[in-house]
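This report refers to the structure that appears directly beneath it.
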Amino acid sequence: MKNILLAALILLSACKVQHIKKSVRDSEVFDQGFTGFMLFDPAKDKVLYAMNEDKYFTPASNTKMFTFYAAYKILGERVNSLDYIESGDSLIFWGTGDPALLHPDFEDSSVLDLLKGTDKKLYMADNFDEVQAYASGWSWNWYNYYYGPERSAMPVYGNIIRFKKDLAEDRMHFSPLFFVNNIKEDRYMPTRSYSIVRDQKMNDFRYYLKADSLSFETDKPFVTSSQLAKELLMDTLGKEIAVIDYEPFKHREHQKLQGISTDSLYKQMLTISDNFLAEQLMVLVADELFDSLEVKSAIRYVTENYLDDLPDSPQWVDGSGLSSQNKFTPRSIVKLLEKIRAEVPEEKIFAYFPSGGKSGTIRSWYKSDDENPYVFAKTGTLSGVHCLSGYLLTKSGKTLYFSFMHNNYVISSSELKREMEKVLYQIYTKY
């Protein structure tokens, strides 16, 4: 009787695998591009099904999971928001990449409190040359879009201007007001509803609202520089700041100012796929490791010291995944998911990752039959790229790891999502 029962269970398990295999391998939708997939059961330490799992794909924002893991390993509970030296009547400070300074989505006053509270003369050592505004492989024309703020040594206001208009108001508002003389109305701009455009190389913005009955909120990146960061800080503090050469202080002993909790940065970065936070987190990792802001060195260090057990060596070039030069395999991403779950408390993982039908980039997809989400996963989207990797909680109580990677597809991402939703729902109900 036991042998019959065991045989039946094995047969049932084989049928489940064959069903998933058919759903993925024989899909006419997935056949419109190049698809990789891997499903792993950690309780059995077993790959349930895999296809092209050893092939390299452009991961887009799946890269942010690597950034998260690097930051979680290196940064601790709070970021280092500023490096500084107090000498005589002077306070010399320089940036660490902390993204929270005057950021509209965070309330962190650590830097402002230090600079406001001192009676010393303020000097900003200019280390902006240590951070390239755009990473390798970024597109030049992202300068005008919310997802493409410049990276910098000392971001201020998230390196964006936030424009907002409520339906009941006639006027558009923006912050910071520092840019009031750089924002001009242009009634000749072509638009169906509203348009806000920045000059490519200067902080000159033109806008036109075609109708008053509009409601929107949008972010526009500004061109960063040490001079602009100084002026924005002076405008806020009401104090004079002088910009000085960083080189004499580069290797001097200095103090580090604790700032915002990393928890708040991780949650926003992963949930809404915030590119700016992802990039600045890697700058912070470099600062913590080397007291410099060299992102390439930080990526190399993390790869060699914490990711040397991945099945396939990652090609990893930025923090956000905006670069098409990033290349990972589905099985390496599944291995990363395994490492994250082994080292990060589960309640934090499920708070950080977007949840199907509930939050972030998958709030409209992968809904469960009840109030409890069954997919906690990171999306990744670029032109011709759509990926989804994370954790799947089945009805029977299992937690499975999966990675779906699609490249070079010629259909809409919505078609891909609908097909992925069918596959993941089958797994949710049958395993």
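Going through the structure tokens in order, the chains are called A, B, and so on, while each chain numbers its residues from 1 and the ligands are numbered from 1 in the order shown.
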Contacts of range 71-74 of chain A at 12 Å (only C-alpha atoms; same-chain gap of 6+ positions) as JSON, numbers by chain: {"A": [64, 65, 80, 261, 262, 263, 265, 266, 267, 269, 277, 278, 279, 280, 281, 282, 283, 284, 285, 286, 287, 288, 289, 290, 298, 299, 301, 302, 303, 305, 306, 307, 319, 339, 340, 343, 344, 345, 348, 349]}
Let me see the file: selected residues, N, CA, C and O atoms, as a compact mmCIF listing (two decimals), in the first residue's frame.
```txt
# COMPACT_ATOMS: atom_id res chain seq x y z
N LYS A 64 18.55 45.41 -9.51
CA LYS A 64 18.39 46.04 -8.20
C LYS A 64 18.45 45.02 -7.06
O LYS A 64 18.75 45.40 -5.91
N MET A 65 18.17 43.76 -7.33
CA MET A 65 18.29 42.74 -6.29
C MET A 65 19.76 42.53 -5.93
O MET A 65 20.09 42.26 -4.77
N ASN A 80 25.97 56.34 5.82
CA ASN A 80 26.90 57.42 6.15
C ASN A 80 26.53 58.61 5.27
O ASN A 80 26.77 58.59 4.06
N SER A 261 17.83 55.61 7.76
CA SER A 261 17.88 54.16 7.88
C SER A 261 17.89 53.53 6.49
O SER A 261 17.20 53.99 5.57
N THR A 262 18.69 52.49 6.35
CA THR A 262 18.76 51.80 5.06
C THR A 262 17.43 51.12 4.74
O THR A 262 17.08 50.97 3.56
N ASP A 263 16.69 50.70 5.75
CA ASP A 263 15.39 50.06 5.54
C ASP A 263 14.49 50.88 4.62
O ASP A 263 13.86 50.35 3.71
N LEU A 265 15.29 53.13 2.45
CA LEU A 265 15.82 53.21 1.09
C LEU A 265 15.57 51.91 0.34
O LEU A 265 15.19 51.92 -0.83
N TYR A 266 15.79 50.77 1.01
CA TYR A 266 15.59 49.47 0.36
C TYR A 266 14.15 49.31 -0.08
O TYR A 266 13.86 48.83 -1.19
N LYS A 267 13.23 49.68 0.79
CA LYS A 267 11.81 49.47 0.49
C LYS A 267 11.39 50.27 -0.74
O LYS A 267 10.77 49.74 -1.66
N MET A 269 13.38 51.59 -3.06
CA MET A 269 14.16 51.18 -4.22
C MET A 269 13.57 49.94 -4.88
O MET A 269 13.42 49.88 -6.10
N LEU A 277 17.73 55.79 -6.32
CA LEU A 277 18.15 55.21 -5.05
C LEU A 277 19.10 54.04 -5.27
O LEU A 277 20.07 53.86 -4.53
N ALA A 278 18.82 53.23 -6.28
CA ALA A 278 19.69 52.08 -6.56
C ALA A 278 21.10 52.54 -6.90
O ALA A 278 22.09 51.99 -6.39
N GLU A 279 21.21 53.56 -7.73
CA GLU A 279 22.54 54.06 -8.11
C GLU A 279 23.27 54.65 -6.91
O GLU A 279 24.47 54.40 -6.70
N GLN A 280 22.56 55.41 -6.11
CA GLN A 280 23.21 56.06 -4.97
C GLN A 280 23.58 55.05 -3.88
O GLN A 280 24.55 55.24 -3.16
N LEU A 281 22.81 53.96 -3.77
CA LEU A 281 23.18 52.92 -2.81
C LEU A 281 24.52 52.30 -3.17
O LEU A 281 25.34 52.01 -2.29
N MET A 282 24.79 52.13 -4.46
CA MET A 282 26.09 51.59 -4.85
C MET A 282 27.21 52.59 -4.62
O MET A 282 28.35 52.21 -4.30
N VAL A 283 26.91 53.88 -4.73
CA VAL A 283 27.90 54.91 -4.37
C VAL A 283 28.19 54.83 -2.87
O VAL A 283 29.35 54.90 -2.44
N LEU A 284 27.14 54.65 -2.07
CA LEU A 284 27.32 54.51 -0.62
C LEU A 284 28.13 53.27 -0.26
O LEU A 284 28.93 53.29 0.68
N VAL A 285 27.90 52.19 -0.99
CA VAL A 285 28.69 50.96 -0.77
C VAL A 285 30.16 51.23 -1.03
O VAL A 285 31.03 50.82 -0.26
N ALA A 286 30.45 51.94 -2.12
CA ALA A 286 31.85 52.29 -2.44
C ALA A 286 32.46 53.15 -1.34
O ALA A 286 33.60 52.93 -0.93
N ASP A 287 31.69 54.12 -0.84
CA ASP A 287 32.18 54.98 0.25
C ASP A 287 32.49 54.16 1.49
O ASP A 287 33.52 54.36 2.14
N GLU A 288 31.62 53.23 1.82
CA GLU A 288 31.80 52.42 3.02
C GLU A 288 33.01 51.48 2.88
O GLU A 288 33.77 51.27 3.84
N LEU A 289 33.21 50.94 1.69
CA LEU A 289 34.30 50.00 1.47
C LEU A 289 35.65 50.67 1.35
O LEU A 289 36.65 50.20 1.90
N PHE A 290 35.70 51.77 0.60
CA PHE A 290 36.99 52.33 0.18
C PHE A 290 37.21 53.80 0.53
O PHE A 290 38.26 54.34 0.21
N ALA A 298 33.37 48.95 -6.23
CA ALA A 298 32.42 48.36 -5.29
C ALA A 298 31.77 47.12 -5.87
O ALA A 298 31.63 46.09 -5.20
N ILE A 299 31.36 47.20 -7.14
CA ILE A 299 30.75 46.04 -7.81
C ILE A 299 31.75 44.89 -7.88
O ILE A 299 31.40 43.73 -7.61
N TYR A 301 34.29 44.29 -5.91
CA TYR A 301 34.51 43.75 -4.56
C TYR A 301 33.36 42.83 -4.14
O TYR A 301 33.59 41.72 -3.64
N VAL A 302 32.12 43.28 -4.35
CA VAL A 302 30.96 42.47 -3.95
C VAL A 302 30.91 41.18 -4.76
O VAL A 302 30.64 40.10 -4.23
N THR A 303 31.19 41.28 -6.05
CA THR A 303 31.17 40.10 -6.91
C THR A 303 32.20 39.06 -6.47
O THR A 303 31.91 37.86 -6.40
N ASN A 305 33.74 38.82 -3.47
CA ASN A 305 33.70 38.41 -2.07
C ASN A 305 32.37 37.83 -1.59
O ASN A 305 32.36 37.06 -0.63
N TYR A 306 31.27 38.20 -2.23
CA TYR A 306 29.96 37.74 -1.77
C TYR A 306 29.17 36.97 -2.82
O TYR A 306 28.16 36.33 -2.49
N LEU A 307 29.59 37.06 -4.09
CA LEU A 307 28.83 36.41 -5.15
C LEU A 307 29.68 35.41 -5.92
O LEU A 307 29.36 35.05 -7.06
N GLY A 319 23.91 50.20 -10.76
CA GLY A 319 23.08 49.83 -9.62
C GLY A 319 21.63 49.59 -9.96
O GLY A 319 20.95 48.80 -9.30
N LYS A 339 20.29 33.19 -1.47
CA LYS A 339 21.20 33.85 -0.54
C LYS A 339 20.46 34.94 0.25
O LYS A 339 20.66 35.10 1.46
N ILE A 340 19.61 35.69 -0.43
CA ILE A 340 18.85 36.74 0.24
C ILE A 340 17.96 36.14 1.33
O ILE A 340 17.93 36.62 2.47
N GLU A 343 19.77 35.13 4.47
CA GLU A 343 20.46 36.16 5.25
C GLU A 343 19.57 37.32 5.68
O GLU A 343 19.95 38.08 6.58
N VAL A 344 18.43 37.49 5.05
CA VAL A 344 17.54 38.60 5.35
C VAL A 344 16.27 38.05 5.99
O VAL A 344 15.69 37.09 5.47
N PRO A 345 15.82 38.62 7.11
CA PRO A 345 14.57 38.14 7.73
C PRO A 345 13.41 38.16 6.72
O PRO A 345 13.27 39.12 5.96
N LYS A 348 11.17 41.15 6.31
CA LYS A 348 11.76 42.29 5.59
C LYS A 348 11.70 42.07 4.08
O LYS A 348 11.41 43.00 3.31
N ILE A 349 12.00 40.85 3.65
CA ILE A 349 11.93 40.54 2.22
C ILE A 349 10.55 40.86 1.68
O ILE A 349 10.40 41.54 0.66
```
Shell of 8 Å around range 353-361 of chain A, only C-alpha atoms, local chain residues under 4 positions omitted, as an mmCIF file with all heavy atoms, in the first residue's frame:
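Output file result03.cif is given in full below:
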```
data_model
loop_
_atom_site.group_PDB
_atom_site.id
_atom_site.type_symbol
_atom_site.label_atom_id
_atom_site.label_comp_id
_atom_site.auth_asym_id
_atom_site.auth_seq_id
_atom_site.Cartn_x
_atom_site.Cartn_y
_atom_site.Cartn_z
ATOM 1 N N LYS A 267 13.228 49.678 0.795
ATOM 2 C CA LYS A 267 11.808 49.474 0.490
ATOM 3 C C LYS A 267 11.391 50.273 -0.739
ATOM 4 O O LYS A 267 10.766 49.736 -1.655
ATOM 5 C CB LYS A 267 10.940 49.859 1.691
ATOM 6 C CG LYS A 267 9.448 49.622 1.448
ATOM 7 C CD LYS A 267 8.638 49.859 2.704
ATOM 8 C CE LYS A 267 7.148 49.756 2.433
ATOM 9 N NZ LYS A 267 6.745 48.466 1.871
ATOM 10 N N LEU A 270 13.211 48.934 -4.090
ATOM 11 C CA LEU A 270 12.699 47.687 -4.647
ATOM 12 C C LEU A 270 11.220 47.768 -5.013
ATOM 13 O O LEU A 270 10.803 47.280 -6.064
ATOM 14 C CB LEU A 270 12.926 46.542 -3.661
ATOM 15 C CG LEU A 270 14.380 46.097 -3.478
ATOM 16 C CD1 LEU A 270 14.500 45.123 -2.309
ATOM 17 C CD2 LEU A 270 14.929 45.463 -4.747
ATOM 18 N N THR A 271 10.410 48.395 -4.159
ATOM 19 C CA THR A 271 8.965 48.386 -4.380
ATOM 20 C C THR A 271 8.575 49.136 -5.638
ATOM 21 O O THR A 271 7.823 48.618 -6.470
ATOM 22 C CB THR A 271 8.216 48.978 -3.163
ATOM 23 O OG1 THR A 271 8.578 48.258 -1.989
ATOM 24 C CG2 THR A 271 6.713 48.887 -3.366
ATOM 25 N N ILE A 272 9.081 50.360 -5.804
ATOM 26 C CA ILE A 272 8.696 51.135 -6.986
ATOM 27 C C ILE A 272 9.792 51.152 -8.041
ATOM 28 O O ILE A 272 9.705 51.858 -9.041
ATOM 29 C CB ILE A 272 8.292 52.581 -6.617
ATOM 30 C CG1 ILE A 272 9.510 53.387 -6.121
ATOM 31 C CG2 ILE A 272 7.164 52.593 -5.612
ATOM 32 C CD1 ILE A 272 9.233 54.872 -5.989
ATOM 33 N N SER A 273 10.850 50.371 -7.823
ATOM 34 C CA SER A 273 11.975 50.270 -8.764
ATOM 35 C C SER A 273 12.617 51.641 -8.990
ATOM 36 O O SER A 273 12.758 52.108 -10.118
ATOM 37 C CB SER A 273 11.519 49.665 -10.092
ATOM 38 O OG SER A 273 12.615 49.103 -10.782
ATOM 39 N N ILE A 349 12.001 40.847 3.652
ATOM 40 C CA ILE A 349 11.934 40.544 2.221
ATOM 41 C C ILE A 349 10.552 40.864 1.683
ATOM 42 O O ILE A 349 10.397 41.540 0.662
ATOM 43 C CB ILE A 349 12.259 39.063 1.963
ATOM 44 C CG1 ILE A 349 13.708 38.750 2.335
ATOM 45 C CG2 ILE A 349 12.010 38.706 0.491
ATOM 46 C CD1 ILE A 349 14.061 37.277 2.258
ATOM 47 N N TRP A 365 -1.009 43.077 -11.085
ATOM 48 C CA TRP A 365 -0.788 41.754 -11.663
ATOM 49 C C TRP A 365 -0.600 40.710 -10.565
ATOM 50 O O TRP A 365 -0.303 41.038 -9.428
ATOM 51 C CB TRP A 365 0.444 41.763 -12.569
ATOM 52 C CG TRP A 365 0.334 42.676 -13.740
ATOM 53 C CD1 TRP A 365 0.705 44.000 -13.795
ATOM 54 C CD2 TRP A 365 -0.216 42.370 -15.021
ATOM 55 N NE1 TRP A 365 0.428 44.524 -15.035
ATOM 56 C CE2 TRP A 365 -0.134 43.546 -15.816
ATOM 57 C CE3 TRP A 365 -0.766 41.208 -15.575
ATOM 58 C CZ2 TRP A 365 -0.582 43.593 -17.132
ATOM 59 C CZ3 TRP A 365 -1.207 41.254 -16.903
ATOM 60 C CH2 TRP A 365 -1.114 42.433 -17.662
ATOM 61 N N TYR A 366 -0.789 39.438 -10.939
ATOM 62 C CA TYR A 366 -0.502 38.286 -10.071
ATOM 63 C C TYR A 366 -1.321 38.334 -8.768
ATOM 64 O O TYR A 366 -0.791 38.157 -7.675
ATOM 65 C CB TYR A 366 1.007 38.200 -9.774
ATOM 66 C CG TYR A 366 1.852 38.415 -11.003
ATOM 67 C CD1 TYR A 366 2.555 39.591 -11.198
ATOM 68 C CD2 TYR A 366 1.886 37.441 -12.004
ATOM 69 C CE1 TYR A 366 3.295 39.800 -12.359
ATOM 70 C CE2 TYR A 366 2.629 37.641 -13.163
ATOM 71 C CZ TYR A 366 3.331 38.830 -13.334
ATOM 72 O OH TYR A 366 4.055 39.033 -14.487
ATOM 73 N N LYS A 367 -2.618 38.562 -8.944
ATOM 74 C CA LYS A 367 -3.503 38.622 -7.784
ATOM 75 C C LYS A 367 -3.865 37.214 -7.329
ATOM 76 O O LYS A 367 -4.069 36.310 -8.131
ATOM 77 C CB LYS A 367 -4.775 39.401 -8.137
ATOM 78 C CG LYS A 367 -4.517 40.861 -8.475
ATOM 79 C CD LYS A 367 -5.791 41.575 -8.882
ATOM 80 C CE LYS A 367 -5.501 43.026 -9.262
ATOM 81 N NZ LYS A 367 -6.721 43.743 -9.700
ATOM 82 N N SER A 368 -3.980 37.050 -6.021
ATOM 83 C CA SER A 368 -4.330 35.746 -5.455
ATOM 84 C C SER A 368 -5.841 35.603 -5.337
ATOM 85 O O SER A 368 -6.594 36.526 -5.656
ATOM 86 C CB SER A 368 -3.681 35.582 -4.082
ATOM 87 O OG SER A 368 -4.267 36.487 -3.155
ATOM 88 N N PRO A 373 -1.062 38.018 -0.843
ATOM 89 C CA PRO A 373 -0.314 37.906 -2.097
ATOM 90 C C PRO A 373 0.453 36.581 -2.164
ATOM 91 O O PRO A 373 0.863 36.048 -1.133
ATOM 92 C CB PRO A 373 0.660 39.091 -2.036
ATOM 93 C CG PRO A 373 0.114 40.011 -0.998
ATOM 94 C CD PRO A 373 -0.611 39.152 -0.023
ATOM 95 N N TYR A 374 0.618 36.072 -3.371
ATOM 96 C CA TYR A 374 1.396 34.844 -3.515
ATOM 97 C C TYR A 374 2.688 35.064 -4.294
ATOM 98 O O TYR A 374 3.540 34.179 -4.355
ATOM 99 C CB TYR A 374 0.563 33.737 -4.169
ATOM 100 C CG TYR A 374 0.284 33.898 -5.648
ATOM 101 C CD1 TYR A 374 1.123 33.328 -6.608
ATOM 102 C CD2 TYR A 374 -0.832 34.590 -6.097
ATOM 103 C CE1 TYR A 374 0.862 33.457 -7.968
ATOM 104 C CE2 TYR A 374 -1.110 34.726 -7.441
ATOM 105 C CZ TYR A 374 -0.259 34.155 -8.375
ATOM 106 O OH TYR A 374 -0.526 34.284 -9.714
ATOM 107 N N VAL A 375 2.845 36.241 -4.901
ATOM 108 C CA VAL A 375 4.079 36.576 -5.619
ATOM 109 C C VAL A 375 4.726 37.791 -4.958
ATOM 110 O O VAL A 375 4.092 38.831 -4.781
ATOM 111 C CB VAL A 375 3.810 36.881 -7.108
ATOM 112 C CG1 VAL A 375 5.080 37.407 -7.790
ATOM 113 C CG2 VAL A 375 3.312 35.640 -7.837
ATOM 114 N N PHE A 376 5.992 37.644 -4.587
ATOM 115 C CA PHE A 376 6.814 38.753 -4.099
ATOM 116 C C PHE A 376 8.040 38.779 -5.000
ATOM 117 O O PHE A 376 8.930 37.928 -4.881
ATOM 118 C CB PHE A 376 7.217 38.544 -2.645
ATOM 119 C CG PHE A 376 6.055 38.570 -1.686
ATOM 120 C CD1 PHE A 376 5.293 37.432 -1.462
ATOM 121 C CD2 PHE A 376 5.712 39.745 -1.032
ATOM 122 C CE1 PHE A 376 4.220 37.449 -0.582
ATOM 123 C CE2 PHE A 376 4.633 39.781 -0.156
ATOM 124 C CZ PHE A 376 3.884 38.633 0.068
ATOM 125 N N ALA A 377 8.073 39.742 -5.919
ATOM 126 C CA ALA A 377 9.082 39.646 -6.974
ATOM 127 C C ALA A 377 9.466 41.005 -7.530
ATOM 128 O O ALA A 377 8.695 41.964 -7.466
ATOM 129 C CB ALA A 377 8.566 38.760 -8.105
ATOM 130 N N LYS A 378 10.662 41.057 -8.085
ATOM 131 C CA LYS A 378 11.193 42.273 -8.695
ATOM 132 C C LYS A 378 11.013 42.213 -10.200
ATOM 133 O O LYS A 378 11.377 41.234 -10.835
ATOM 134 C CB LYS A 378 12.682 42.418 -8.353
ATOM 135 C CG LYS A 378 13.308 43.701 -8.853
ATOM 136 C CD LYS A 378 12.821 44.893 -8.052
ATOM 137 C CE LYS A 378 13.024 46.194 -8.811
ATOM 138 N NZ LYS A 378 12.055 46.367 -9.915
ATOM 139 N N THR A 379 10.455 43.276 -10.736
ATOM 140 C CA THR A 379 10.312 43.400 -12.181
ATOM 141 C C THR A 379 11.585 43.978 -12.791
ATOM 142 O O THR A 379 12.447 44.506 -12.088
ATOM 143 C CB THR A 379 9.141 44.330 -12.529
ATOM 144 O OG1 THR A 379 9.323 45.572 -11.838
ATOM 145 C CG2 THR A 379 7.818 43.716 -12.135
#
```
What's the separation between CA of Phe205 in chain A and CA of Gln268 in chain A, in Å to one decimal place?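 Between CA of Phe205 in chain A and CA of Gln268 in chain A the gap is 27.3 Å.
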Env of Asp170 in chain A: 12 Å cut, atoms = only C-alpha atoms, seq-sep filter 6 positions within chain, self excluded. Answer as a PyMOL selection string. chain A and resi 164+209-215
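When only C-alpha atoms are used to measure the gap to Lys239 in chain A, the shortest distance among A:Val131, A:Leu112, A:Met420, A:Leu393 belongs to A:Leu112.
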Selection: 12 Å around Asn144 in chain A, only C-alpha atoms, excl. self and same-chain fewer than 5 positions, as number ranges by chain: A: 139, 149-150, 160-161, 195-206, 218-223
Same residues, C-alpha atoms, saved as an mmCIF file, in the first residue's frame:
```cif
data_model
loop_
_atom_site.group_PDB
_atom_site.id
_atom_site.type_symbol
_atom_site.label_atom_id
_atom_site.label_comp_id
_atom_site.auth_asym_id
_atom_site.auth_seq_id
_atom_site.Cartn_x
_atom_site.Cartn_y
_atom_site.Cartn_z
ATOM 1 C CA SER A 139 21.006 56.323 -23.121
ATOM 2 C CA PRO A 149 18.309 61.418 -12.570
ATOM 3 C CA GLU A 150 22.050 61.911 -12.609
ATOM 4 C CA ILE A 160 15.065 66.273 -9.502
ATOM 5 C CA ILE A 161 12.469 69.028 -9.634
ATOM 6 C CA SER A 195 4.436 69.014 -21.395
ATOM 7 C CA ILE A 196 7.556 69.827 -19.371
ATOM 8 C CA VAL A 197 10.893 69.715 -21.165
ATOM 9 C CA ARG A 198 14.434 70.463 -20.015
ATOM 10 C CA ASP A 199 17.273 71.654 -22.181
ATOM 11 C CA GLN A 200 19.732 68.794 -22.635
ATOM 12 C CA LYS A 201 22.770 70.518 -21.141
ATOM 13 C CA MET A 202 21.314 73.283 -18.981
ATOM 14 C CA ASN A 203 18.733 73.640 -16.236
ATOM 15 C CA ASP A 204 16.288 75.549 -18.406
ATOM 16 C CA PHE A 205 12.768 74.124 -18.370
ATOM 17 C CA ARG A 206 9.812 74.903 -20.636
ATOM 18 C CA THR A 218 6.086 64.203 -12.321
ATOM 19 C CA ASP A 219 9.807 64.484 -11.667
ATOM 20 C CA LYS A 220 12.336 66.064 -14.026
ATOM 21 C CA PRO A 221 16.072 65.570 -13.465
ATOM 22 C CA PHE A 222 18.345 68.592 -13.297
ATOM 23 C CA VAL A 223 21.993 68.856 -14.328
#
```
Residue neighbourhood Glu86 in chain A, 9 Å, only C-alpha atoms, exclusion window fewer than 4 positions, as a compact mmCIF listing (two decimals) with C-alpha atoms, in the first residue's frame:
```txt
# COMPACT_ATOMS: atom_id res chain seq x y z
CA SER A 90 36.31 75.51 9.76
CA LEU A 91 34.04 72.57 9.00
CA ILE A 92 35.07 70.84 5.77
CA PHE A 93 32.60 68.32 4.37
CA LYS A 120 32.23 77.24 12.02
CA HIS A 254 37.60 62.30 9.16
CA GLN A 255 34.29 61.82 10.90
```
